[in-house]
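Contents: one structure, followed by commentary.
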Amino acid sequence: MAREGWAMINPKAEQITSEILSNKKVGSYNHMVFAVTDLAAHARPGNFVAIAVGGPASSMVLRRAFAIYRSSIRADGQGLLELVVAASGAGSTWLTSQKVGDTVDLIAPLGTSFGIPTEPVRSLLIGGGYGSAPLFALAETLKARGCRVDMVLGASTAAKIYAPLEGKRSVSSLTITTDDGSAGVQGRVSDVIPRIIKDNDVEIIYSCGPMAMLEAITKIADSFDVLHQCSVEESMACGIGVCMTCVLPVLQDDGTIRMTRTCIDGPVMDGSKVTWTTSREIPEGVWGK
Amino acid sequence: MAREGWAMINPKAEQITSEILSNKKVGSYNHMVFAVTDLAAHARPGNFVAIAVGGPASSMVLRRAFAIYRSSIRADGQGLLELVVAASGAGSTWLTSQKVGDTVDLIAPLGTSFGIPTEPVRSLLIGGGYGSAPLFALAETLKARGCRVDMVLGASTAAKIYAPLEGKRSVSSLTITTDDGSAGVQGRVSDVIPRIIKDNDVEIIYSCGPMAMLEAITKIADSFDVLHQCSVEESMACGIGVCMTCVLPVLQDDGTIRMTRTCIDGPVMDGSKVTWTTSREIPEGVWGK
Amino acid sequence: MSLDFSTSLAGRRFPNPIFTASGCAGSGKELSQFFDLTDLGAIVTKSIMIKPRSGRATPRMAETPSGMLNSIGLQGPGIDLFLENDIPWLRDQGARIIVSIAGETVEDYAVLARKLRHVSGISALEVNISCPNVENRGQVFACDPATAADAISTVRRNIGGELPIIAKLSPDVTDIVSIATSVVSAGADGLALINTLLGMVIDTSSMRPKLSQKTGGLSGPAIRPVAVRAIYQVHAALPKVPILGMGGVACGRDALELVLAGASAVSVGTATFGDPTASIRVKNELEVLCEQRGFNSFSDLVGYAHRAEDANEHE
Amino acid sequence: MSLDFSTSLAGRRFPNPIFTASGCAGSGKELSQFFDLTDLGAIVTKSIMIKPRSGRATPRMAETPSGMLNSIGLQGPGIDLFLENDIPWLRDQGARIIVSIAGETVEDYAVLARKLRHVSGISALEVNISCPNVENRGQVFACDPATAADAISTVRRNIGGELPIIAKLSPDVTDIVSIATSVVSAGADGLALINTLLGMVIDTSSMRPKLSQKTGGLSGPAIRPVAVRAIYQVHAALPKVPILGMGGVACGRDALELVLAGASAVSVGTATFGDPTASIRVKNELEVLCEQRGFNSFSDLVGYAHRAEDANEHE
Ligand SMILES: Cc1cc2nc3c(=O)[nH]c(=O)nc-3n(C[C@H](O)[C@H](O)[C@H](O)COP(=O)(O)OP(=O)(O)OC[C@H]3O[C@@H](n4cnc5c(N)ncnc54)[C@H](O)[C@@H]3O)c2cc1C
Ligand SMILES: Cc1cc2nc3c(=O)[nH]c(=O)nc-3n(C[C@H](O)[C@H](O)[C@H](O)COP(=O)(O)OP(=O)(O)OC[C@H]3O[C@@H](n4cnc5c(N)ncnc54)[C@H](O)[C@@H]3O)c2cc1C
Ligand SMILES: Cc1cc2nc3c(=O)[nH]c(=O)nc-3n(C[C@H](O)[C@H](O)[C@H](O)COP(=O)(O)O)c2cc1C
Ligand SMILES: Cc1cc2nc3c(=O)[nH]c(=O)nc-3n(C[C@H](O)[C@H](O)[C@H](O)COP(=O)(O)O)c2cc1C
Ligand code: FES
Ligand code: FES
């Protein structure tokens, strides 16, 4: 396995009671700001938080995972985490309906982060829906390292494109696709990526979004022989590596394909090493099948 | 059974979404005011409300019952219900932690009410803990009918005596007992009642409080041959007569003792007709045992 | 085209598939305060026994996470008063009536069936066999294929050919399919799945069982996954036997889950305690969900989750 | 006098009665990020099989009201790698270790027992017999007194006399006392109660079972009343057999409930997913509750809810 020592499992993670400082509707999403400790200083683009939902008498026993949109330390020393939350089911609907001043139980930072190249490279960042969330902080980091950053964001419709002005600062170009054509190019991100890769001579792709999108990007990245780091999204019961619900078949350094926990060996993974499968079966060749 | 036609089962009950207009800590309790429809006009002293607790994702599937402290229609036509809530377990703790402006799902008015004599009589009202809640509105009604109203309130300690100034307006005398002597007479309500009955020549007792207190009062009332209407408190799953969890053995008009629903044939019952029992068994002689 | 929301259960048609659950709707009168009983597919009455029953001592209930325990102990007036008072009243309302019966001996079931044989206005019998069999060390009828079949065949013999029999099974068994198969062979026209699970709550203050009778029946959303599993297993094994599903249904989505697993109709129990109009809400929500999925007929949804993985999806 | 919070289980002593639950604590490493593993009574490891196992395809989980379903399918590295990596690491931490084993055949259990026989630093074996027996139409070992006893006596024979055996039972049976009695006769020194209940969730969008393997194990607070009932029943029948209780414990009150029912120690499972430090919190809260009730020794609370109704209360 990639991960060797136990000391490497979420070494900076903290469980805290966190106050909601802001909660604003932006298109289909809620942009939410949480007061945290200086764990904010340890969060890297790609890390996620796990939040308990439903309040003290909740029937929901599991936390919900959210990619960190931004993390920062305010001038007064207050740590801040920002998330982009889509109200879909009961848990996220509860979270987005919390008010400023309410508190939640939150664990962060969790999981792997996007690998940052040591040399300036030409990068393409691709986000689907709220999958854009972790990409803006990544863009800033890459830009600071002298990388060229192009971005493609796709969604079913305009309201589901999350691309705030301040987030776009570090981006050389932003291409938007929507299924219904209500914003940008009508179509899917995979329709526009090949041309961008060619035009900009892209060396690395970073992506975050629905699994089917990540799979499609992996195919394109592989065909261009471009590196591809993707942030995957599997249902997670624990988020800290103890339950084994969040696994994907991933090629290991020892040549075996193993059902690998996406909460601690992910969510950021090497796209070309994931055995993407839509069937609800363990693919052939997986270790221990 | 006392209740004859189905049309008599909670004929005025309404299920509404109700806003919390006020929520103030008073001693050990929270005095809470709810905005309701003109169902407030139909609530009688002794009726209760049933409130859903825990919010939209609650693990608590049952409502909680609360005696109505006061019901009124404000000058602007807004119906109001006031409750006195002790934060004890998860449900009442949730309720008391709701904020002004939050809403709850509420059904009211439910259950029987205290019988009001047509002639002026000398009455004694006895409350244990938050059991004082329904007695103040009753006192007003009795006073308006020209009755003499004496009141005894008991609790373990001073903070658990709920007796607001405005509530005491209609009372000729108020005696307080506490187990720890922190307010009024040290001891139990049953220690002071006999003298008050004698001194004031009491004709009817109204009571509300823990079951053991009601049983003790029933003994005293019977020994003085005084009428006794008590508001009982059994665990209620539904509050509307469909689950059969809230029963007590009660003597019926036909001479049988039947397990009788305290949510629709109560909570106000004739104390002398209840077979008080502390054993967790059906008493001998109950119909169908 | 609009949705045909009617359903058929054990040969009878009901205008919609949402029923009350036995023991969770009183005599019907109490709920008629909140809605018109004819708006539901049917009213399932509280299990009635031969004689008046006081039921068990209180405390009879305990709330549990997303559920509750009850040990009512089948309090009721007995079959004669029931037929005299409750049935005529329900009939007058125009409600469709499913009568639930319960016995302590096989002979009890025979007597009850005979009493009901010629009563008009009843759509079906639900036979609650989750009761202790006093002739067999108190073992619950529904816990053994043979005793379960005994009770059902006795009802079948005594009820005559007319009235459909729905056998209500307990989930507290190692193999519910074998019990289901056995009662169907014994003459059940349909199955009601599931009754409550045996549970217990201990009061950590008194440090004793909270219920006077120690154990009680667990119901509510907590048990829904068990209900779905039981319905799915039984429908897979006996696809032609209609199922009246129940267990933790509190909204239209929950009812749809049981229907997709194989229920032709769904009873709403515990949810009514938290919300008197729960059954009506479930009905309305379910109807919308069926329409949203583009189905013309409710019956096409029954057991739909069993289709092959590669089956063409419904258009 | 201060509370003696230690407990004894199957002849071994543990400094406190709160353990992890098998399959809910990873390898221990993941949790050691959040607390010191030696603060718990013991770490119960994920059930290990002979060979590496990929487990089942995803989705492997579904949240349910106050609970969850899982169908991990016993993913794991196999006993050899487990003994090479996990056990030495846990031993180095100073944690008390209970190893859980699972097999698909009786012979599997024999092999596993022999592999563990001479491993040092293990406090006990937990034998998970809630697995399908491939030699018997996939019927779960724990669902039949004879096959359950078979698995346990095989472990007993192969493990030697030293290591205590705790048989972990499934609640999905008609009569858990008969299974318990059977495995105790077969050589179990203690019982672990309860494993998950079989459940299913149907995704009402795809209109198919949510889990790839359709059914899964129901755990969490939803099942606590079933756990309390099972523990109470078994403790009543076999008062001398120590019980490791589990099922829906999320706070000290819950743990106390299982203890009063008859558990000598309590495992915390699903609660850890919602709160990594749940087990430590449960331990601390339970200790306070025991003290508040005036007990000097934790062991006096075990099964305390069974005392006669008129028994003198504890002073
Ligand atoms: C690594 C990671 C990062 C994520 N980042 C974001 C984010 O930035 N913004 C955001 O809005 N959401 C994000 N999600 C999805 C989020 O965790 C919730 O699952 C989603 O909000 C739906 O939860 P719910 O309670 O509303 O739905 P429910 O239907 O109540 O959820 C029931 C269960 O299914 C799981 N589930 C449901 N939908 C999803 C899903 N799409 N992916 C994974 N599990 C799911 C839930 O976690 C929960 O356990 C992320 C998920 C993961 C795993
Ligand atoms: C007719 C009636 C009138 C009431 N009036 C008031 C009132 O005016 N003010 C007030 O504070 N409380 C009142 N109660 C008690 C109240 O309904 C709640 O039961 C109590 O607040 C505890 O609920 P919980 O959710 O906090 O406790 P939990 O322990 O979470 O309750 C669990 C279950 O046990 C039941 N239960 C627990 N304690 C009691 C109790 N003392 N009596 C009945 N059932 C109980 C609950 O209703 C619930 O179903 C009344 C109860 C009844 C039946
Ligand atoms: C208070 C109560 C009383 C019940 N009484 C009966 C009964 O008399 N006969 C019966 O067959 N089932 C009875 N049940 C079981 C329900 O009909 C139903 O099968 C079970 O509660 C599961 O459904 P639910 O989760 O919707 O409540 C009762 C359930 C409850 C909660
Ligand atoms: C994700 C998950 C994995 C589990 N894996 C195992 C296992 O490998 N072996 C076992 O005996 N029990 C396993 N269990 C069952 C638990 O050990 C425990 O018996 C059950 O979950 C009830 O306890 P809880 O409600 O505290 O989780 C697992 C449970 C869960 C939720
Ligand atoms: S979510 Fe539990 S192991 Fe990944
Ligand atoms: S509380 Fe349900 S019948 Fe009284």
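Residues are referred to by chain and number: the chain letter is A, B, ... according to the order shown in the structure tokens, the number counts from 1 in that chain, and ligands are numbered separately from 1 in the order shown.
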If we count only C-alpha atoms and set the cut-off at 12 Å, which residues sit around Pro88 (chain C), ignoring sequence neighbours fewer than 3 positions away in its own chain? Please answer as a PyMOL selection string.
chain C and resi 27-29+81-85+91-97+119-122
Compute the chain D side of the contact with chain A at 9 Å, counting only C-alpha atoms, and hand it back as a compact mmCIF listing (two decimals) with N, CA and C atoms, in the first residue's frame.
```
# COMPACT_ATOMS: atom_id res chain seq x y z
N GLY D 23 -14.57 -4.93 13.31
CA GLY D 23 -14.91 -4.32 12.03
C GLY D 23 -15.21 -2.85 12.10
N CYS D 24 -15.12 -2.28 13.30
CA CYS D 24 -15.48 -0.88 13.47
C CYS D 24 -14.31 -0.05 14.00
N ALA D 25 -13.11 -0.64 13.96
CA ALA D 25 -11.97 0.10 14.50
C ALA D 25 -10.75 -0.05 13.60
N GLY D 26 -10.97 -0.48 12.36
CA GLY D 26 -9.87 -0.66 11.42
C GLY D 26 -8.82 -1.57 12.03
N SER D 27 -7.57 -1.20 11.86
CA SER D 27 -6.49 -2.01 12.42
C SER D 27 -6.07 -1.47 13.78
N GLY D 28 -6.75 -0.43 14.23
CA GLY D 28 -6.35 0.22 15.48
C GLY D 28 -5.54 1.47 15.19
N LYS D 29 -4.71 1.41 14.15
CA LYS D 29 -3.85 2.55 13.81
C LYS D 29 -4.66 3.82 13.56
N GLU D 30 -5.73 3.64 12.82
CA GLU D 30 -6.51 4.81 12.42
C GLU D 30 -7.06 5.54 13.65
N LEU D 31 -7.50 4.77 14.65
CA LEU D 31 -8.07 5.41 15.85
C LEU D 31 -6.99 5.96 16.77
N SER D 32 -5.79 5.38 16.69
CA SER D 32 -4.72 5.82 17.61
C SER D 32 -4.33 7.26 17.32
N GLN D 33 -4.80 7.77 16.19
CA GLN D 33 -4.68 9.19 15.88
C GLN D 33 -5.48 10.05 16.87
N PHE D 34 -6.57 9.44 17.35
CA PHE D 34 -7.49 10.23 18.17
C PHE D 34 -7.39 9.95 19.67
N LYS D 51 -7.50 -16.35 3.93
CA LYS D 51 -6.85 -15.71 2.79
C LYS D 51 -7.22 -14.23 2.68
N PRO D 52 -6.45 -13.49 1.88
CA PRO D 52 -6.85 -12.10 1.61
C PRO D 52 -8.24 -12.09 0.98
N ARG D 53 -9.03 -11.08 1.34
CA ARG D 53 -10.39 -10.94 0.81
C ARG D 53 -10.60 -9.53 0.29
N SER D 54 -11.12 -9.44 -0.91
CA SER D 54 -11.41 -8.12 -1.46
C SER D 54 -12.66 -7.51 -0.82
N GLY D 55 -13.48 -8.35 -0.22
CA GLY D 55 -14.77 -7.87 0.26
C GLY D 55 -15.71 -7.70 -0.91
N ARG D 56 -16.83 -7.05 -0.67
CA ARG D 56 -17.85 -6.91 -1.70
C ARG D 56 -17.70 -5.60 -2.46
N ALA D 57 -18.39 -5.54 -3.58
CA ALA D 57 -18.37 -4.33 -4.39
C ALA D 57 -19.13 -3.22 -3.67
N THR D 58 -18.84 -2.00 -4.05
CA THR D 58 -19.60 -0.86 -3.52
C THR D 58 -20.86 -0.69 -4.35
N PRO D 59 -21.91 -0.03 -3.89
CA PRO D 59 -22.03 0.54 -2.54
C PRO D 59 -22.09 -0.53 -1.47
N ARG D 60 -21.32 -0.26 -0.41
CA ARG D 60 -21.25 -1.18 0.72
C ARG D 60 -22.03 -0.67 1.92
N MET D 61 -22.60 0.49 1.81
CA MET D 61 -23.30 0.99 2.99
C MET D 61 -24.49 1.85 2.62
N ALA D 62 -25.42 1.91 3.54
CA ALA D 62 -26.57 2.80 3.40
C ALA D 62 -26.94 3.26 4.79
N GLU D 63 -27.15 4.56 4.92
CA GLU D 63 -27.60 5.05 6.22
C GLU D 63 -29.08 4.72 6.37
N THR D 64 -29.51 4.41 7.58
CA THR D 64 -30.91 4.11 7.86
C THR D 64 -31.30 4.90 9.12
N PRO D 65 -32.58 4.99 9.44
CA PRO D 65 -32.95 5.79 10.61
C PRO D 65 -32.27 5.27 11.89
N SER D 66 -31.45 6.10 12.49
CA SER D 66 -30.68 5.75 13.69
C SER D 66 -29.83 4.50 13.50
N GLY D 67 -29.40 4.27 12.29
CA GLY D 67 -28.55 3.11 12.04
C GLY D 67 -27.94 3.14 10.67
N MET D 68 -27.35 2.03 10.29
CA MET D 68 -26.78 1.90 8.95
C MET D 68 -26.74 0.43 8.56
N ASN D 70 -24.36 -2.30 6.43
CA ASN D 70 -23.06 -2.48 5.78
C ASN D 70 -22.98 -3.85 5.15
N SER D 71 -22.27 -3.90 4.04
CA SER D 71 -21.94 -5.22 3.48
C SER D 71 -20.51 -5.14 2.98
N ILE D 72 -19.61 -5.06 3.97
CA ILE D 72 -18.19 -4.99 3.66
C ILE D 72 -17.73 -6.32 3.06
N GLN D 75 -13.63 -7.76 4.06
CA GLN D 75 -12.37 -7.39 3.40
C GLN D 75 -11.23 -7.47 4.41
N GLY D 76 -10.12 -8.05 3.98
CA GLY D 76 -8.99 -8.14 4.90
C GLY D 76 -7.80 -8.81 4.25
N PRO D 77 -6.65 -8.74 4.94
CA PRO D 77 -5.40 -9.22 4.35
C PRO D 77 -5.16 -10.73 4.50
N GLY D 78 -6.04 -11.41 5.25
CA GLY D 78 -5.78 -12.83 5.52
C GLY D 78 -4.93 -12.98 6.77
N LEU D 211 -27.49 -1.54 -1.82
CA LEU D 211 -26.20 -2.22 -1.69
C LEU D 211 -25.97 -3.16 -2.86
N SER D 212 -24.72 -3.27 -3.27
CA SER D 212 -24.42 -4.13 -4.42
C SER D 212 -24.84 -5.58 -4.14
N GLN D 213 -24.76 -5.99 -2.88
CA GLN D 213 -25.12 -7.37 -2.54
C GLN D 213 -26.54 -7.46 -2.00
N GLY D 220 -26.16 0.07 14.83
CA GLY D 220 -26.43 1.41 15.34
C GLY D 220 -27.57 1.43 16.35
N PRO D 221 -27.85 2.62 16.90
CA PRO D 221 -28.85 2.75 17.97
C PRO D 221 -30.19 2.09 17.65
N ALA D 222 -30.56 2.03 16.38
CA ALA D 222 -31.83 1.42 16.00
C ALA D 222 -31.98 0.01 16.56
N THR D 270 -20.67 1.10 15.54
CA THR D 270 -21.11 2.15 14.61
C THR D 270 -20.91 3.56 15.16
N ALA D 271 -21.05 3.73 16.47
CA ALA D 271 -20.91 5.07 17.05
C ALA D 271 -19.56 5.68 16.72
N THR D 272 -18.54 4.84 16.55
CA THR D 272 -17.20 5.33 16.22
C THR D 272 -17.17 6.00 14.85
N PHE D 273 -18.06 5.60 13.96
CA PHE D 273 -18.08 6.22 12.63
C PHE D 273 -18.57 7.66 12.72
N GLY D 274 -19.50 7.89 13.61
CA GLY D 274 -20.02 9.25 13.77
C GLY D 274 -19.13 10.10 14.66
N ASP D 275 -18.30 9.44 15.45
CA ASP D 275 -17.47 10.15 16.43
C ASP D 275 -16.27 9.27 16.76
N PRO D 276 -15.10 9.63 16.25
CA PRO D 276 -13.91 8.76 16.41
C PRO D 276 -13.60 8.45 17.87
```
Identify, on the basis of only C-alpha atoms, every residue whose closest approach to Leu40 (chain C) does not exceed 9 Å; exclude the query and any residue fewer than 6 positions from it along the same chain; express the result as a ChimeraX atom specification.
/C:14-20,95-96,279-280,283
Using only C-alpha atoms, find the residues of chain B whose closest atom to chain A is at most 12 Å away, then write them as a list in words.
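Filtering chain B at 12 Å from chain A with only C-alpha atoms gives Val53, Gly54, Gly55, Pro56, Ala57, Ser58, Ser59, Met60, Val61, Gly89, Ala90, Gly91, Ser92, Thr93, Trp94, Leu95, Ser97, Gln98, Lys99 and Asp102 of chain B.
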With C-alpha atoms retained, write the just-selected residues as an mmCIF file, in the first residue's frame.
```cif
data_model
loop_
_atom_site.group_PDB
_atom_site.id
_atom_site.type_symbol
_atom_site.label_atom_id
_atom_site.label_comp_id
_atom_site.auth_asym_id
_atom_site.auth_seq_id
_atom_site.Cartn_x
_atom_site.Cartn_y
_atom_site.Cartn_z
ATOM 1 C CA VAL B 53 -39.674 17.162 19.026
ATOM 2 C CA GLY B 54 -36.183 16.961 17.555
ATOM 3 C CA GLY B 55 -36.617 18.675 14.209
ATOM 4 C CA PRO B 56 -36.869 17.247 10.697
ATOM 5 C CA ALA B 57 -34.294 14.466 11.130
ATOM 6 C CA SER B 58 -35.314 13.567 14.658
ATOM 7 C CA SER B 59 -34.712 10.142 16.139
ATOM 8 C CA MET B 60 -37.637 10.798 18.507
ATOM 9 C CA VAL B 61 -40.749 9.461 16.846
ATOM 10 C CA GLY B 89 -34.938 14.204 28.877
ATOM 11 C CA ALA B 90 -33.982 14.623 25.240
ATOM 12 C CA GLY B 91 -37.356 15.827 23.975
ATOM 13 C CA SER B 92 -38.052 18.554 26.487
ATOM 14 C CA THR B 93 -34.416 19.649 26.378
ATOM 15 C CA TRP B 94 -34.734 20.062 22.621
ATOM 16 C CA LEU B 95 -37.957 22.025 23.007
ATOM 17 C CA SER B 97 -33.506 25.042 23.493
ATOM 18 C CA GLN B 98 -35.560 26.235 20.508
ATOM 19 C CA LYS B 99 -35.313 29.922 19.814
ATOM 20 C CA ASP B 102 -38.418 28.763 15.393
#
```
Find the residues in chain C near chain D: any atom within 9 Å counts, using only C-alpha atoms. Write them as a PyMOL selection string.
chain C and resi 64-67+69+143-144+171-175+197-209+214-215+218+221-230+232+253-254+256-258+260-261+293+304-307+309
Please write the residues from the selection above to a file, keeping C-alpha atoms, as a PDB file, in the first residue's frame.
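Output saved as part20.pdb:
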```pdb
ATOM      1  CA  THR C  64     -36.223   4.084  21.339  1.00  0.00           C
ATOM      2  CA  PRO C  65     -33.949   5.610  18.678  1.00  0.00           C
ATOM      3  CA  SER C  66     -36.193   6.099  15.624  1.00  0.00           C
ATOM      4  CA  GLY C  67     -38.698   3.701  17.102  1.00  0.00           C
ATOM      5  CA  LEU C  69     -41.419  -0.505  22.162  1.00  0.00           C
ATOM      6  CA  CYS C 143     -42.166 -18.741  15.043  1.00  0.00           C
ATOM      7  CA  ASP C 144     -42.681 -22.261  13.799  1.00  0.00           C
ATOM      8  CA  PRO C 171     -39.669 -11.106  11.762  1.00  0.00           C
ATOM      9  CA  ASP C 172     -38.173 -12.804  14.813  1.00  0.00           C
ATOM     10  CA  VAL C 173     -37.441 -16.040  13.006  1.00  0.00           C
ATOM     11  CA  THR C 174     -34.412 -17.678  11.460  1.00  0.00           C
ATOM     12  CA  ASP C 175     -36.087 -18.217   8.109  1.00  0.00           C
ATOM     13  CA  LEU C 197     -39.354  -7.172  16.633  1.00  0.00           C
ATOM     14  CA  LEU C 198     -38.916  -8.353  20.202  1.00  0.00           C
ATOM     15  CA  GLY C 199     -36.954  -5.766  22.138  1.00  0.00           C
ATOM     16  CA  MET C 200     -36.267  -4.431  25.586  1.00  0.00           C
ATOM     17  CA  VAL C 201     -35.348  -1.138  27.205  1.00  0.00           C
ATOM     18  CA  ILE C 202     -33.827  -0.909  30.647  1.00  0.00           C
ATOM     19  CA  ASP C 203     -34.475   2.208  32.688  1.00  0.00           C
ATOM     20  CA  THR C 204     -31.039   3.236  33.866  1.00  0.00           C
ATOM     21  CA  SER C 205     -32.490   5.105  36.851  1.00  0.00           C
ATOM     22  CA  SER C 206     -34.566   2.296  38.346  1.00  0.00           C
ATOM     23  CA  MET C 207     -32.096  -0.192  36.812  1.00  0.00           C
ATOM     24  CA  ARG C 208     -34.980  -2.471  35.807  1.00  0.00           C
ATOM     25  CA  PRO C 209     -36.707  -3.208  32.503  1.00  0.00           C
ATOM     26  CA  LYS C 214     -39.980  -6.526  30.390  1.00  0.00           C
ATOM     27  CA  THR C 215     -40.013  -7.138  26.629  1.00  0.00           C
ATOM     28  CA  LEU C 218     -40.118  -2.710  18.422  1.00  0.00           C
ATOM     29  CA  PRO C 221     -38.418   3.673  11.172  1.00  0.00           C
ATOM     30  CA  ALA C 222     -35.679   1.796  13.047  1.00  0.00           C
ATOM     31  CA  ILE C 223     -37.053  -1.522  11.772  1.00  0.00           C
ATOM     32  CA  ARG C 224     -37.742  -0.483   8.174  1.00  0.00           C
ATOM     33  CA  PRO C 225     -34.577  -2.137   6.788  1.00  0.00           C
ATOM     34  CA  VAL C 226     -35.713  -5.413   8.370  1.00  0.00           C
ATOM     35  CA  ALA C 227     -39.195  -5.030   6.855  1.00  0.00           C
ATOM     36  CA  VAL C 228     -37.792  -4.297   3.399  1.00  0.00           C
ATOM     37  CA  ARG C 229     -35.519  -7.315   3.625  1.00  0.00           C
ATOM     38  CA  ALA C 230     -38.323  -9.633   4.769  1.00  0.00           C
ATOM     39  CA  TYR C 232     -37.989  -8.707  -0.596  1.00  0.00           C
ATOM     40  CA  ARG C 253     -40.589   7.381  -0.023  1.00  0.00           C
ATOM     41  CA  ASP C 254     -40.708   4.742   2.710  1.00  0.00           C
ATOM     42  CA  LEU C 256     -42.413   3.154  -2.135  1.00  0.00           C
ATOM     43  CA  GLU C 257     -39.442   1.260  -0.738  1.00  0.00           C
ATOM     44  CA  LEU C 258     -41.734  -1.477   0.588  1.00  0.00           C
ATOM     45  CA  LEU C 260     -40.553  -1.903  -4.780  1.00  0.00           C
ATOM     46  CA  ALA C 261     -39.542  -4.759  -2.469  1.00  0.00           C
ATOM     47  CA  ARG C 293     -41.524   7.756 -12.138  1.00  0.00           C
ATOM     48  CA  TYR C 304     -40.078  -3.643  -9.305  1.00  0.00           C
ATOM     49  CA  ALA C 305     -36.721  -3.794  -7.460  1.00  0.00           C
ATOM     50  CA  HIS C 306     -36.553  -7.500  -8.320  1.00  0.00           C
ATOM     51  CA  ARG C 307     -36.122  -6.988 -12.071  1.00  0.00           C
ATOM     52  CA  GLU C 309     -29.850  -6.020 -13.334  1.00  0.00           C
TER      53      GLU C 309
END
```
From region 96-279 of chain C, collect each residue whose DSSP state is strand (DSSP E) and return the set as a ChimeraX atom specification.
/C:97-102,122-128,165-168,190-193,197-200,202-203,208-209,215-219,243-246,265-268
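The gap separating CA of Val106 (chain D) from CA of Ala151 (chain D) is 5.4 Å, in Å to one decimal.
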Determine, counting only C-alpha atoms, which protein, DNA and RNA residues have an atom within 12 Å of an atom of Lys219 (chain A); residues of the same chain fewer than 6 positions away are not included. Present the result as a ChimeraX atom specification.
/A:190,193-194,205,212-213,225-228,271-276
Contact residues around Ser172 (chain B) with only C-alpha atoms at 9 Å, ignoring same-chain residues under 4 positions, as a list in words:
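With the cut-off at 9 Å, the set is Arg148, Val149, Asp150, Met151 and Lys168 of chain B.
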Output file for the selection above: N, CA, C and O atoms, as a PDB file, in the first residue's frame:
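The result, stored in out-v1.pdb:
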```pdb
ATOM      1  N   ARG B 148     -64.340  30.348  45.853  1.00  0.00           N
ATOM      2  CA  ARG B 148     -63.139  30.622  46.634  1.00  0.00           C
ATOM      3  C   ARG B 148     -62.060  29.660  46.136  1.00  0.00           C
ATOM      4  O   ARG B 148     -62.314  28.467  45.947  1.00  0.00           O
ATOM      5  N   VAL B 149     -60.859  30.185  45.936  1.00  0.00           N
ATOM      6  CA  VAL B 149     -59.772  29.351  45.414  1.00  0.00           C
ATOM      7  C   VAL B 149     -58.570  29.419  46.339  1.00  0.00           C
ATOM      8  O   VAL B 149     -57.949  30.472  46.484  1.00  0.00           O
ATOM      9  N   ASP B 150     -58.258  28.293  47.004  1.00  0.00           N
ATOM     10  CA  ASP B 150     -56.997  28.202  47.740  1.00  0.00           C
ATOM     11  C   ASP B 150     -56.054  27.330  46.940  1.00  0.00           C
ATOM     12  O   ASP B 150     -56.476  26.498  46.145  1.00  0.00           O
ATOM     13  N   MET B 151     -54.766  27.568  47.104  1.00  0.00           N
ATOM     14  CA  MET B 151     -53.805  26.833  46.294  1.00  0.00           C
ATOM     15  C   MET B 151     -52.646  26.341  47.141  1.00  0.00           C
ATOM     16  O   MET B 151     -52.171  27.055  48.032  1.00  0.00           O
ATOM     17  N   LYS B 168     -51.151  34.291  40.171  1.00  0.00           N
ATOM     18  CA  LYS B 168     -51.702  34.141  41.512  1.00  0.00           C
ATOM     19  C   LYS B 168     -52.867  35.084  41.807  1.00  0.00           C
ATOM     20  O   LYS B 168     -53.439  35.029  42.894  1.00  0.00           O
TER      21      LYS B 168
END
```
Can you tell me, as a ChimeraX atom specification, what residues are no more than 8 Å from Ser153 (chain C) when counting only C-alpha atoms, ignoring any on the same chain fewer than 3 positions away?
/C:149-150,156-157,183,186-188
Quick one: everything within 6 Å of Ala183 (chain B), counting only C-alpha atoms, minus sequence neighbours fewer than 2 positions away in the same chain. Send it as a count of residues only.
3
Helix (DSSP H, G or I) call set, DSSP backbone run, region 74-134 of chain B, as a list in words:
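Reading the DSSP output for region 74-134 of chain B, helix (DSSP H, G or I) covers Ala90, Gly91, Ser92, Thr93, Trp94, Leu95, Thr96, Gly129, Tyr130, Gly131, Ser132, Ala133 and Pro134 of chain B.
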